[in-house]
Number of protein chains: 2
Amino acid sequence: MPDRTRFTLDEKKMPTSWYNINPDLPAPLPPPLHPATDEPAGPEDLAPLFAMELIKQEVSMDRFIEIPEEVLTVYRTYRPSPLNRARQLEKSLGLPEGIKIFYKYEGVSPAGSHKPNTAIPQAFYNKAQGIGRIATETGAGQWGSAMAIACALYGMECTVYMVGISYDQKPYRRILMETYGAEVVSSPSTRTKAGRHVLDMDPESLGSLGIAISEAVEDTAMREDTHYCLGSVLNHVCLHQTIVGQEAIAQMEMAQAEPDVVIACIGGGSNFAGIAFPYYHRKLEGKSSARLVAVEPKACPTLTAGEYRYDLGDEAGMAPKVMMYTLGHDFVPAGIHAGGLRYHGDSPLVSLLVHEGEVEPIAVHQITCFDAAVAFARTEGILPAPESSHAIRTAIDEALAAQEAGEDRTILFNLSGHGHFDLAAYEAYNAGELVDYDFAAGSTMSEGGA
Amino acid sequence: MPDRTRFTLDEKKMPTSWYNINPDLPAPLPPPLHPATDEPAGPEDLAPLFAMELIKQEVSMDRFIEIPEEVLTVYRTYRPSPLNRARQLEKSLGLPEGIKIFYKYEGVSPAGSHKPNTAIPQAFYNKAQGIGRIATETGAGQWGSAMAIACALYGMECTVYMVGISYDQKPYRRILMETYGAEVVSSPSTRTKAGRHVLDMDPESLGSLGIAISEAVEDTAMREDTHYCLGSVLNHVCLHQTIVGQEAIAQMEMAQAEPDVVIACIGGGSNFAGIAFPYYHRKLEGKSSARLVAVEPKACPTLTAGEYRYDLGDEAGMAPKVMMYTLGHDFVPAGIHAGGLRYHGDSPLVSLLVHEGEVEPIAVHQITCFDAAVAFARTEGILPAPESSHAIRTAIDEALAAQEAGEDRTILFNLSGHGHFDLAAYEAYNAGELVDYDFAAGSTMSEGGA
């Protein structure tokens, strides 16, 4: 048998706790502030929105938090997820033996992305507290699908405010959510004050994650039986995703390989946190010296071009203010196809790590990401989500840079989802109709697609 | 830790040979006949269409055929596939502990179905023989996607004749194939004599697998550099799929469970063969007494309402005649959403086993299959392909029948693919717009969807 390609973790070795980075941060995390008073927001401020267990997780200083058995049971329907060495991609790039590319693959989940990893515990903790309905928002539809699935699994109602441009571009995501029993509303909508306000200003609004969050939070505030769930940004969301990186560590040990660089795309931050935080912990243990690289789109370059300051998490100021890199809560990103990366801010945890120099942010253009995605599809077989293609682009660039420098390098990236819902984007790419948007240049660049 | 849910097979335990049922058949398999002369077709008749290694496999009497290392390498990018116990579904049905439902899941492949299991070796053997281009047909798009992926992985050209109704209903499948570099042609097309003939008779033709096969075979006959690949029906295709059942046996051993019934949907037969043939072998070994159940749509009930006789595999008589259950090579099935099950005939191997009483065929309506699919999605998380939903319907019916009879029963079915490309079908179902077609009644029944 040749060298191995696929590192399969037995169900029995699936992690049974999440890794909480809070106690290991290089500096204290600035607290969230009440949006109206700018005073630190306490549990009582968050309680109308979130389940108490999630609020506790948000501020917990326990390094490991046990995953409830009811959550593990559902995780086991699709986890552990695979970790592969990208041998066919390596070969196509002509890499020497010393340069290795590995990827963790979250596209095997029922939503086709990493999002169920947090949707499931969020639904569970709310259900356990007697909450019968969840309101949430979604960008590309990945989060909304995950939440719809999680609510179906625990027998809860679910309303999803879907960013308008994705609602129009990705009808299949809407149908998917509806098939799981969720109600899907195009945002901005006339159903909330926040939505009506945006529509008054711009009836043609494409929507944004910020606006959709405002709508979901306002919906929650209106109803006693309803809580809000967020698909990224918050500490407890990052926490739940750490099952990904913990599995990856076990699988890389099976491969007898330590990554020199760990790469993930970043929108709100939870996908990046999922794979990178456990490696951050491993670095503290002295077992790793990996660089942690977060890849964002140049059309929405929060970490590389934003300011590190307190800002609102949503358009209308319903959600708490948090300390983070931000392009401004009223920034509406260009309509790139990686809808899940169109968020004006970023996870406070990841932002802190960037600010402290523990995480390297970089920004890339979408067309070059699609180039990488198609190269990956035609060698490794899997068609990536446009979001995930940002990580592939960077993994390939890391490999080529190592080759150029004549160095060995072991590269690990998180392939956060498949692109089976993103074929309209690939059609635009195939037809050479994609456009690159550059926040820094303040203008639209038009380069041809391949 | 509770009883296990997921039975993960290590890469090292992936089978390294396919199981060939030929030497174990209860009666000799009648040979294919040349369509023009009705004489047994020899290798020289098949050589213009197929790679020589595949022709040898078609008639081999070796019980196990080694999988080439170059194929295993690509299999390892997505295999072994998971086998799960459907605990959440069992719970929702209120089943007693003695009734257990397991499913093998092939939706984790890059095409989202079991089809790459044979597309990959077919591309490999052709490439090894110096063939640079493949022509093939596709129904729902699953086979075409698999072939497009396999050709991309081995650096070959690929032209796919796609059944017209699916070409129109499933544009995303077309884009997927194009993204892997394949050319996709709506069938019937004006590119071949066979296609033009059909269009002359009926310019509004929805197309069928039979017609598309004729077009792909004619395309192959026109070009020296081209071979033809078939996604089902033939012996070598069934052979390649047996990796599924062999993995399932190993995984069911991990679960310390022996199925009383093994269920799969059937169109051309390879998906059924994949899971059922290894269990047929296990029965011969005296280790299993499982019933083998093949589920087909009532709109195209080949095994339950067809005749067992020699018939053409395709519309125009380009492909050999084979002994099989058939509804007639000119039968065009109603436009059900399980496009992959719309074939007038069936695998000669499976047909023989049905004829000899070794396999139980049953036919079900599509709406009740969608009911089962949605029940499955809302409990197990995974949204099934409409084809696969036929197996779920039958698995649930088996469980309920056992409960009614007060018996224990262990049920295994093959979930051949996910439904992420079939959301238009689910939208029709959600809206109550699906219609049941009954071949036997000779008419359209209109029942409402849920």
# chains A, B, ... in the order shown; residues from 1 in each chain; ligands from 1

$ residues_around --residues "Ser232 in chain B" --least-positions-apart "5" --cutoff "12 Å" --atoms "only C-alpha atoms" --output "count of residues only"
40

$ residues_around --residues "Ile382 in chain B" --least-positions-apart "3" --cutoff "8 Å" --atoms "only C-alpha atoms" --output "ChimeraX atom specification"
/A:109-111 /B:376-378,418

$ closest_residue --among "B:Ala150, B:Val160, B:Asn235, B:Pro31" --to "Lys56 in chain B" --atoms "only C-alpha atoms"
B:Asn235

$ calpha_fit_and_write --fixed "chain A" --moving "chain B" --output "short mmCIF file (atom, residue, chain, number, x, y, z; two decimals) with C-alpha atoms, in the first residue's frame"
data_model
loop_
_atom_site.label_atom_id
_atom_site.label_comp_id
_atom_site.auth_asym_id
_atom_site.auth_seq_id
_atom_site.Cartn_x
_atom_site.Cartn_y
_atom_site.Cartn_z
CA MET B 1 -0.02 0.01 -0.08
CA PRO B 2 1.27 3.50 -0.95
CA ASP B 3 1.39 6.48 1.40
CA ARG B 4 -2.03 7.25 2.74
CA THR B 5 -4.47 9.75 1.25
CA ARG B 6 -7.37 9.75 3.64
CA PHE B 7 -7.22 9.90 7.40
CA THR B 8 -10.44 8.55 8.79
CA LEU B 9 -11.19 9.10 12.44
CA ASP B 10 -13.26 6.49 14.16
CA GLU B 11 -16.52 7.65 15.76
CA LYS B 12 -15.08 6.59 19.11
CA LYS B 13 -12.26 9.11 18.73
CA MET B 14 -14.53 12.05 17.98
CA PRO B 15 -13.77 14.83 20.50
CA THR B 16 -16.31 15.01 23.33
CA SER B 17 -15.56 18.58 24.42
CA TRP B 18 -15.10 21.89 22.66
CA TYR B 19 -11.93 23.94 23.10
CA ASN B 20 -12.59 27.36 24.64
CA ILE B 21 -9.85 29.83 23.75
CA ASN B 22 -10.96 32.46 26.31
CA PRO B 23 -8.57 31.46 29.12
CA ASP B 24 -5.65 31.23 26.68
CA LEU B 25 -5.94 34.62 24.98
CA PRO B 26 -2.80 36.79 24.89
CA ALA B 27 -4.82 39.76 26.24
CA PRO B 28 -8.22 40.08 27.93
CA LEU B 29 -11.16 40.18 25.56
CA PRO B 30 -12.94 43.56 25.73
CA PRO B 31 -16.56 42.92 26.80
CA PRO B 32 -19.58 43.46 24.53
CA LEU B 33 -21.41 46.74 25.18
CA HIS B 34 -25.11 47.43 25.29
CA PRO B 35 -25.88 49.19 21.98
CA ALA B 36 -27.95 51.92 23.64
CA THR B 37 -25.89 52.69 26.77
CA ASP B 38 -22.35 51.60 25.85
CA GLU B 39 -22.21 49.86 29.25
CA PRO B 40 -20.81 46.31 29.36
CA ALA B 41 -23.62 43.94 28.43
CA GLY B 42 -24.34 41.34 31.09
CA PRO B 43 -26.20 38.06 30.92
CA GLU B 44 -29.45 39.90 31.64
CA ASP B 45 -28.98 41.94 28.45
CA LEU B 46 -28.34 38.86 26.36
CA ALA B 47 -31.02 36.64 27.94
CA PRO B 48 -33.87 37.89 25.74
CA LEU B 49 -31.89 36.73 22.71
CA PHE B 50 -29.87 33.66 23.68
CA ALA B 51 -30.19 30.47 25.69
CA MET B 52 -28.58 30.78 29.12
CA GLU B 53 -26.10 27.95 28.45
CA LEU B 54 -24.86 29.80 25.36
CA ILE B 55 -24.50 33.04 27.33
CA LYS B 56 -22.43 31.15 29.91
CA GLN B 57 -20.26 29.72 27.15
CA GLU B 58 -19.79 33.22 25.77
CA VAL B 59 -17.86 34.24 28.89
CA SER B 60 -16.69 30.90 30.27
CA MET B 61 -13.08 30.58 31.39
CA ASP B 62 -13.15 26.77 31.28
CA ARG B 63 -10.63 25.60 28.71
CA PHE B 64 -12.73 22.60 27.66
CA ILE B 65 -16.52 22.48 27.67
CA GLU B 66 -18.21 19.12 27.54
CA ILE B 67 -20.44 18.48 24.52
CA PRO B 68 -23.89 17.27 25.66
CA GLU B 69 -24.70 13.68 24.74
CA GLU B 70 -27.79 14.85 22.81
CA VAL B 71 -25.47 16.95 20.61
CA LEU B 72 -22.88 14.21 20.17
CA THR B 73 -25.67 11.90 18.98
CA VAL B 74 -26.54 14.29 16.17
CA TYR B 75 -22.89 15.10 15.40
CA ARG B 76 -22.38 11.39 14.85
CA THR B 77 -24.79 11.41 11.89
CA TYR B 78 -22.04 13.15 9.86
CA ARG B 79 -18.93 13.40 12.00
CA PRO B 80 -15.99 12.81 12.25
CA SER B 81 -15.47 14.51 8.90
CA PRO B 82 -12.67 13.45 6.53
CA LEU B 83 -9.15 14.81 6.36
CA ASN B 84 -7.35 14.12 3.08
CA ARG B 85 -3.97 14.73 1.62
CA ALA B 86 -4.49 16.51 -1.72
CA ARG B 87 -2.16 14.21 -3.65
CA GLN B 88 -3.71 14.83 -7.07
CA LEU B 89 -3.57 18.59 -6.60
CA GLU B 90 0.04 18.36 -5.40
CA LYS B 91 0.91 16.34 -8.49
CA SER B 92 -0.75 18.81 -10.87
CA LEU B 93 1.24 21.65 -9.27
CA GLY B 94 4.47 19.69 -9.70
CA LEU B 95 5.34 20.03 -6.02
CA PRO B 96 8.40 18.29 -4.60
CA GLU B 97 7.81 15.64 -1.91
CA GLY B 98 8.66 18.11 0.87
CA ILE B 99 5.62 20.25 0.14
CA LYS B 100 2.37 18.68 1.28
CA ILE B 101 -1.20 19.94 1.16
CA PHE B 102 -3.86 18.52 3.49
CA TYR B 103 -7.50 19.53 3.77
CA LYS B 104 -10.20 18.95 6.29
CA TYR B 105 -13.56 18.57 4.53
CA GLU B 106 -16.78 19.83 6.12
CA GLY B 107 -18.90 19.49 2.97
CA VAL B 108 -20.08 16.05 4.06
CA SER B 109 -22.51 17.54 6.58
CA PRO B 110 -26.23 17.54 5.70
CA ALA B 111 -26.06 21.28 4.96
CA GLY B 112 -22.93 20.81 2.83
CA SER B 113 -20.84 23.05 5.11
CA HIS B 114 -19.37 23.40 8.61
CA LYS B 115 -22.39 25.36 9.85
CA PRO B 116 -24.32 22.49 11.49
CA ASN B 117 -21.47 22.14 14.02
CA THR B 118 -22.90 25.13 15.88
CA ALA B 119 -26.51 25.12 14.65
CA ILE B 120 -27.05 21.78 16.34
CA PRO B 121 -25.88 22.78 19.85
CA GLN B 122 -27.59 26.17 19.56
CA ALA B 123 -30.90 24.51 18.75
CA PHE B 124 -30.34 21.94 21.49
CA TYR B 125 -29.63 24.44 24.29
CA ASN B 126 -32.64 26.54 23.29
CA LYS B 127 -34.92 23.53 23.13
CA ALA B 128 -33.66 22.38 26.52
CA GLN B 129 -34.66 25.78 27.90
CA GLY B 130 -38.18 25.44 26.50
CA ILE B 131 -37.81 27.74 23.50
CA GLY B 132 -39.95 26.61 20.56
CA ARG B 133 -38.89 28.95 17.76
CA ILE B 134 -35.62 30.31 16.36
CA ALA B 135 -35.19 33.45 14.26
CA THR B 136 -31.95 33.88 12.37
CA GLU B 137 -30.36 35.36 9.28
CA THR B 138 -28.40 33.84 6.43
CA GLY B 139 -26.03 35.08 3.74
CA ALA B 140 -25.32 32.53 1.05
CA GLY B 141 -27.85 30.24 2.70
CA GLN B 142 -25.39 27.91 4.37
CA TRP B 143 -26.14 29.08 7.89
CA GLY B 144 -29.89 29.20 7.30
CA SER B 145 -29.84 25.66 5.93
CA ALA B 146 -27.89 24.47 8.95
CA MET B 147 -30.29 26.16 11.35
CA ALA B 148 -33.31 24.80 9.46
CA ILE B 149 -31.87 21.29 9.71
CA ALA B 150 -31.02 21.66 13.41
CA CYS B 151 -34.51 22.98 14.20
CA ALA B 152 -36.09 20.10 12.28
CA LEU B 153 -33.97 17.60 14.21
CA TYR B 154 -35.07 19.00 17.58
CA GLY B 155 -38.67 19.68 16.48
CA MET B 156 -38.53 23.51 16.60
CA GLU B 157 -39.93 26.25 14.37
CA CYS B 158 -37.45 28.33 12.38
CA THR B 159 -37.66 31.65 10.51
CA VAL B 160 -34.70 32.66 8.37
CA TYR B 161 -34.08 36.20 7.08
CA MET B 162 -32.07 35.60 3.92
CA VAL B 163 -29.89 38.33 2.37
CA GLY B 164 -31.81 39.54 -0.67
CA ILE B 165 -29.11 39.01 -3.28
CA SER B 166 -28.66 35.39 -2.19
CA TYR B 167 -32.43 34.86 -1.96
CA ASP B 168 -32.58 35.80 -5.63
CA GLN B 169 -29.35 34.10 -6.76
CA LYS B 170 -29.83 30.88 -4.76
CA PRO B 171 -33.46 29.77 -4.87
CA TYR B 172 -32.39 26.19 -4.19
CA ARG B 173 -31.04 27.19 -0.79
CA ARG B 174 -34.45 28.68 0.01
CA ILE B 175 -36.23 25.50 -1.10
CA LEU B 176 -33.82 23.42 0.95
CA MET B 177 -34.66 25.38 4.11
CA GLU B 178 -38.37 25.18 3.34
CA THR B 179 -38.13 21.43 2.84
CA TYR B 180 -36.77 21.14 6.37
CA GLY B 181 -39.84 23.09 7.49
CA ALA B 182 -38.34 26.57 7.91
CA GLU B 183 -39.96 29.85 6.85
CA VAL B 184 -37.64 31.94 4.64
CA VAL B 185 -38.00 35.72 4.30
CA SER B 186 -36.06 37.86 1.80
CA SER B 187 -34.15 40.61 3.63
CA PRO B 188 -34.60 43.56 3.79
CA SER B 189 -38.28 42.77 4.36
CA THR B 190 -41.30 44.82 5.31
CA ARG B 191 -41.83 42.59 8.32
CA THR B 192 -39.53 44.52 10.65
CA LYS B 193 -38.86 48.18 11.35
CA ALA B 194 -35.20 47.62 10.48
CA GLY B 195 -36.10 46.13 7.10
CA ARG B 196 -38.63 48.85 6.30
CA HIS B 197 -36.07 51.51 7.17
CA VAL B 198 -33.55 50.08 4.70
CA LEU B 199 -36.18 49.73 1.99
CA ASP B 200 -37.27 53.33 2.51
CA MET B 201 -33.71 54.49 1.90
CA ASP B 202 -33.05 52.08 -0.99
CA PRO B 203 -35.91 50.01 -2.40
CA GLU B 204 -33.35 48.14 -4.55
CA SER B 205 -31.15 47.13 -1.59
CA LEU B 206 -29.23 43.88 -2.16
CA GLY B 207 -29.31 43.32 1.57
CA SER B 208 -26.40 42.38 3.78
CA LEU B 209 -25.71 40.15 6.73
CA GLY B 210 -25.84 43.23 8.99
CA ILE B 211 -29.36 44.11 7.83
CA ALA B 212 -30.58 40.53 8.06
CA ILE B 213 -29.20 40.22 11.61
CA SER B 214 -31.14 43.35 12.59
CA GLU B 215 -34.32 41.83 11.24
CA ALA B 216 -33.85 38.51 13.01
CA VAL B 217 -33.01 40.22 16.32
CA GLU B 218 -36.06 42.46 16.04
CA ASP B 219 -38.25 39.44 15.24
CA THR B 220 -36.91 37.77 18.38
CA ALA B 221 -37.58 40.83 20.51
CA MET B 222 -41.22 40.81 19.37
CA ARG B 223 -42.00 37.23 20.50
CA GLU B 224 -41.75 35.51 23.85
CA ASP B 225 -41.37 31.99 22.40
CA THR B 226 -38.47 32.96 20.13
CA HIS B 227 -34.72 33.14 20.53
CA TYR B 228 -32.10 34.32 18.12
CA CYS B 229 -29.20 32.24 16.77
CA LEU B 230 -26.12 33.60 15.06
CA GLY B 231 -24.05 31.57 12.63
CA SER B 232 -20.69 33.18 13.30
CA VAL B 233 -18.88 36.05 15.10
CA LEU B 234 -19.77 35.25 18.73
CA ASN B 235 -17.53 33.35 21.11
CA HIS B 236 -19.87 30.41 21.60
CA VAL B 237 -20.15 29.94 17.85
CA CYS B 238 -16.37 29.82 17.49
CA LEU B 239 -16.32 27.44 20.44
CA HIS B 240 -18.65 24.92 18.79
CA GLN B 241 -16.62 24.90 15.59
CA THR B 242 -13.49 23.79 17.44
CA ILE B 243 -14.56 20.19 16.96
CA VAL B 244 -13.20 20.65 13.42
CA GLY B 245 -9.68 21.56 14.46
CA GLN B 246 -9.55 18.99 17.24
CA GLU B 247 -10.45 16.27 14.76
CA ALA B 248 -7.89 17.70 12.33
CA ILE B 249 -5.14 17.46 14.95
CA ALA B 250 -5.97 13.80 15.58
CA GLN B 251 -6.03 13.11 11.85
CA MET B 252 -2.78 14.96 11.16
CA GLU B 253 -1.23 12.83 13.90
CA MET B 254 -2.43 9.77 11.95
CA ALA B 255 -0.68 11.30 8.93
CA GLN B 256 2.42 11.88 11.09
CA ALA B 257 2.42 15.46 9.86
CA GLU B 258 2.49 18.81 11.61
CA PRO B 259 1.25 21.76 9.59
CA ASP B 260 3.57 24.73 9.09
CA VAL B 261 0.56 26.79 8.13
CA VAL B 262 -3.18 26.43 8.88
CA ILE B 263 -5.49 28.26 6.49
CA ALA B 264 -9.20 29.03 6.44
CA CYS B 265 -11.45 31.59 4.83
CA ILE B 266 -13.02 34.16 7.10
CA GLY B 267 -16.34 35.96 7.02
CA GLY B 268 -17.62 36.26 10.57
CA GLY B 269 -14.79 34.09 11.85
CA SER B 270 -16.23 30.81 13.09
CA ASN B 271 -14.94 28.66 10.23
CA PHE B 272 -11.45 30.03 10.77
CA ALA B 273 -11.76 29.65 14.53
CA GLY B 274 -12.90 26.08 14.10
CA ILE B 275 -9.69 24.86 12.56
CA ALA B 276 -7.25 27.49 13.91
CA PHE B 277 -8.11 27.76 17.62
CA PRO B 278 -7.21 24.14 18.45
CA TYR B 279 -3.87 24.73 16.68
CA TYR B 280 -3.42 27.93 18.71
CA HIS B 281 -3.81 25.74 21.81
CA ARG B 282 -1.38 23.24 20.38
CA LYS B 283 1.13 26.04 19.90
CA LEU B 284 0.73 27.00 23.58
CA GLU B 285 1.40 23.36 24.43
CA GLY B 286 4.65 23.65 22.48
CA LYS B 287 3.59 20.97 19.99
CA SER B 288 3.07 23.24 16.98
CA SER B 289 4.61 26.31 15.45
CA ALA B 290 2.04 26.73 12.70
CA ARG B 291 1.25 30.09 11.20
CA LEU B 292 -2.50 30.73 11.34
CA VAL B 293 -3.74 32.44 8.15
CA ALA B 294 -7.23 33.95 7.75
CA VAL B 295 -8.28 34.66 4.16
CA GLU B 296 -10.89 37.27 3.36
CA PRO B 297 -12.21 38.72 0.08
CA LYS B 298 -10.76 41.99 -1.21
CA ALA B 299 -14.35 43.14 -1.68
CA CYS B 300 -14.87 42.95 2.10
CA PRO B 301 -11.39 43.10 3.68
CA THR B 302 -12.34 43.55 7.31
CA LEU B 303 -9.13 42.31 8.90
CA THR B 304 -6.70 43.80 6.40
CA ALA B 305 -8.38 47.19 5.79
CA GLY B 306 -10.80 47.66 8.69
CA GLU B 307 -10.32 49.47 12.00
CA TYR B 308 -9.99 47.66 15.35
CA ARG B 309 -12.67 49.38 17.46
CA TYR B 310 -16.06 48.92 19.06
CA ASP B 311 -18.79 48.68 16.47
CA LEU B 312 -22.32 47.42 16.12
CA GLY B 313 -22.70 43.83 14.99
CA ASP B 314 -25.72 44.67 12.90
CA GLU B 315 -27.05 47.44 10.70
CA ALA B 316 -29.69 48.83 13.05
CA GLY B 317 -28.02 48.58 16.44
CA MET B 318 -30.21 45.84 17.92
CA ALA B 319 -27.27 43.56 18.76
CA PRO B 320 -24.47 44.42 21.23
CA LYS B 321 -21.43 46.45 20.24
CA VAL B 322 -18.27 44.40 20.15
CA MET B 323 -14.56 45.17 19.85
CA MET B 324 -13.53 43.96 16.41
CA TYR B 325 -12.04 44.80 13.07
CA THR B 326 -14.80 46.52 11.14
CA LEU B 327 -15.49 48.36 7.90
CA GLY B 328 -18.37 50.15 9.63
CA HIS B 329 -21.74 48.66 10.51
CA ASP B 330 -23.40 50.50 7.64
CA PHE B 331 -20.94 49.12 5.03
CA VAL B 332 -22.72 47.01 2.39
CA PRO B 333 -20.18 44.84 0.54
CA ALA B 334 -20.23 44.30 -3.21
CA GLY B 335 -22.24 41.30 -4.42
CA ILE B 336 -19.44 38.75 -4.62
CA HIS B 337 -20.45 35.12 -4.90
CA ALA B 338 -18.89 34.16 -1.57
CA GLY B 339 -21.99 35.48 0.21
CA GLY B 340 -20.86 34.00 3.50
CA LEU B 341 -17.85 36.34 3.56
CA ARG B 342 -19.89 39.53 3.10
CA TYR B 343 -19.85 40.79 6.71
CA HIS B 344 -18.67 44.22 7.80
CA GLY B 345 -17.06 42.99 11.00
CA ASP B 346 -15.34 39.94 12.41
CA SER B 347 -15.31 37.70 15.43
CA PRO B 348 -13.96 39.59 18.49
CA LEU B 349 -11.83 36.54 19.34
CA VAL B 350 -10.23 36.39 15.91
CA SER B 351 -9.93 40.18 15.81
CA LEU B 352 -8.04 40.15 19.10
CA LEU B 353 -5.68 37.46 17.82
CA VAL B 354 -5.05 39.46 14.65
CA HIS B 355 -4.47 42.58 16.69
CA GLU B 356 -1.99 40.71 18.90
CA GLY B 357 -0.15 39.33 15.88
CA GLU B 358 -1.18 35.72 16.49
CA VAL B 359 -3.15 35.41 13.24
CA GLU B 360 -2.08 36.58 9.76
CA PRO B 361 -4.92 38.06 7.71
CA ILE B 362 -4.73 38.29 3.93
CA ALA B 363 -7.20 39.40 1.28
CA VAL B 364 -7.68 37.88 -2.19
CA HIS B 365 -9.77 38.56 -5.29
CA GLN B 366 -12.67 36.30 -6.21
CA ILE B 367 -11.63 35.38 -9.77
CA THR B 368 -8.30 33.98 -8.66
CA CYS B 369 -10.20 32.01 -6.01
CA PHE B 370 -12.45 30.49 -8.67
CA ASP B 371 -9.32 29.62 -10.69
CA ALA B 372 -8.07 27.72 -7.65
CA ALA B 373 -11.47 26.13 -7.02
CA VAL B 374 -11.67 24.73 -10.55
CA ALA B 375 -8.08 23.48 -10.39
CA PHE B 376 -8.99 21.75 -7.14
CA ALA B 377 -12.21 20.27 -8.54
CA ARG B 378 -10.43 18.87 -11.58
CA THR B 379 -7.74 17.18 -9.49
CA GLU B 380 -9.30 16.31 -6.12
CA GLY B 381 -12.82 15.86 -7.49
CA ILE B 382 -14.70 18.06 -5.01
CA LEU B 383 -16.26 21.29 -6.25
CA PRO B 384 -15.70 23.82 -3.44
CA ALA B 385 -18.05 26.51 -2.16
CA PRO B 386 -16.91 29.98 -3.29
CA GLU B 387 -16.13 30.84 0.34
CA SER B 388 -13.88 27.79 0.71
CA SER B 389 -12.12 28.64 -2.55
CA HIS B 390 -10.38 31.50 -0.71
CA ALA B 391 -8.58 28.94 1.45
CA ILE B 392 -7.64 26.84 -1.58
CA ARG B 393 -6.20 29.87 -3.37
CA THR B 394 -4.03 30.62 -0.37
CA ALA B 395 -2.99 26.99 0.14
CA ILE B 396 -1.83 26.82 -3.48
CA ASP B 397 -0.01 30.14 -3.14
CA GLU B 398 1.71 28.88 0.02
CA ALA B 399 2.80 25.73 -1.82
CA LEU B 400 4.13 27.67 -4.80
CA ALA B 401 5.94 30.14 -2.54
CA ALA B 402 7.63 27.27 -0.70
CA GLN B 403 8.63 25.72 -4.02
CA GLU B 404 10.01 29.06 -5.20
CA ALA B 405 11.97 29.39 -1.97
CA GLY B 406 13.16 25.77 -2.12
CA GLU B 407 11.63 25.04 1.29
CA ASP B 408 9.62 22.19 2.69
CA ARG B 409 6.14 23.12 3.87
CA THR B 410 3.15 21.24 5.25
CA ILE B 411 -0.06 23.08 4.55
CA LEU B 412 -3.46 22.40 6.10
CA PHE B 413 -6.64 24.15 5.06
CA ASN B 414 -10.29 23.82 5.90
CA LEU B 415 -12.54 23.09 2.94
CA SER B 416 -15.60 24.44 4.67
CA GLY B 417 -18.23 23.38 2.14
CA HIS B 418 -19.11 22.03 -1.28
CA GLY B 419 -20.25 24.18 -4.17
CA HIS B 420 -23.29 22.19 -5.27
CA PHE B 421 -25.50 25.19 -4.42
CA ASP B 422 -23.19 27.64 -6.12
CA LEU B 423 -23.40 26.53 -9.73
CA ALA B 424 -24.79 29.89 -10.83
CA ALA B 425 -21.50 31.42 -9.65
CA TYR B 426 -19.51 28.80 -11.54
CA GLU B 427 -21.61 29.46 -14.64
CA ALA B 428 -20.69 33.14 -14.43
CA TYR B 429 -17.05 32.17 -13.94
CA ASN B 430 -17.09 29.69 -16.84
CA ALA B 431 -18.59 32.39 -19.06
CA GLY B 432 -15.88 34.90 -18.08
CA GLU B 433 -18.49 37.17 -16.52
CA LEU B 434 -17.09 37.44 -13.01
CA VAL B 435 -15.87 40.80 -11.80
CA ASP B 436 -13.35 41.58 -9.04
CA TYR B 437 -14.29 44.25 -6.52
CA ASP B 438 -11.57 46.00 -4.56
CA PHE B 439 -12.60 47.81 -1.39
CA ALA B 440 -9.20 49.49 -1.16
CA ALA B 441 -9.31 50.84 -4.72
CA GLY B 442 -12.82 52.10 -4.05
CA SER B 443 -13.80 50.92 -7.49
CA THR B 444 -14.82 47.94 -9.53
CA MET B 445 -12.04 46.18 -11.38
CA SER B 446 -13.11 44.17 -14.33
CA GLU B 447 -10.86 41.27 -15.09
CA GLY B 448 -12.05 38.41 -17.26
CA GLY B 449 -12.74 35.00 -15.79
CA ALA B 450 -11.12 31.90 -17.20
#

$ select_by_dssp --residues "range 218-405 of chain B" --states "alpha helix (DSSP H)" --output "PyMOL selection string"
chain B and resi 218-222+235-254+270-284+302-305+348-355+366-380+386-405

$ select_by_dssp --residues "range 183-360 of chain A" --states "strand (DSSP E)" --output "ChimeraX atom specification"
/A:183-187,226-228,261-265,291-297,307-312,321-326,360
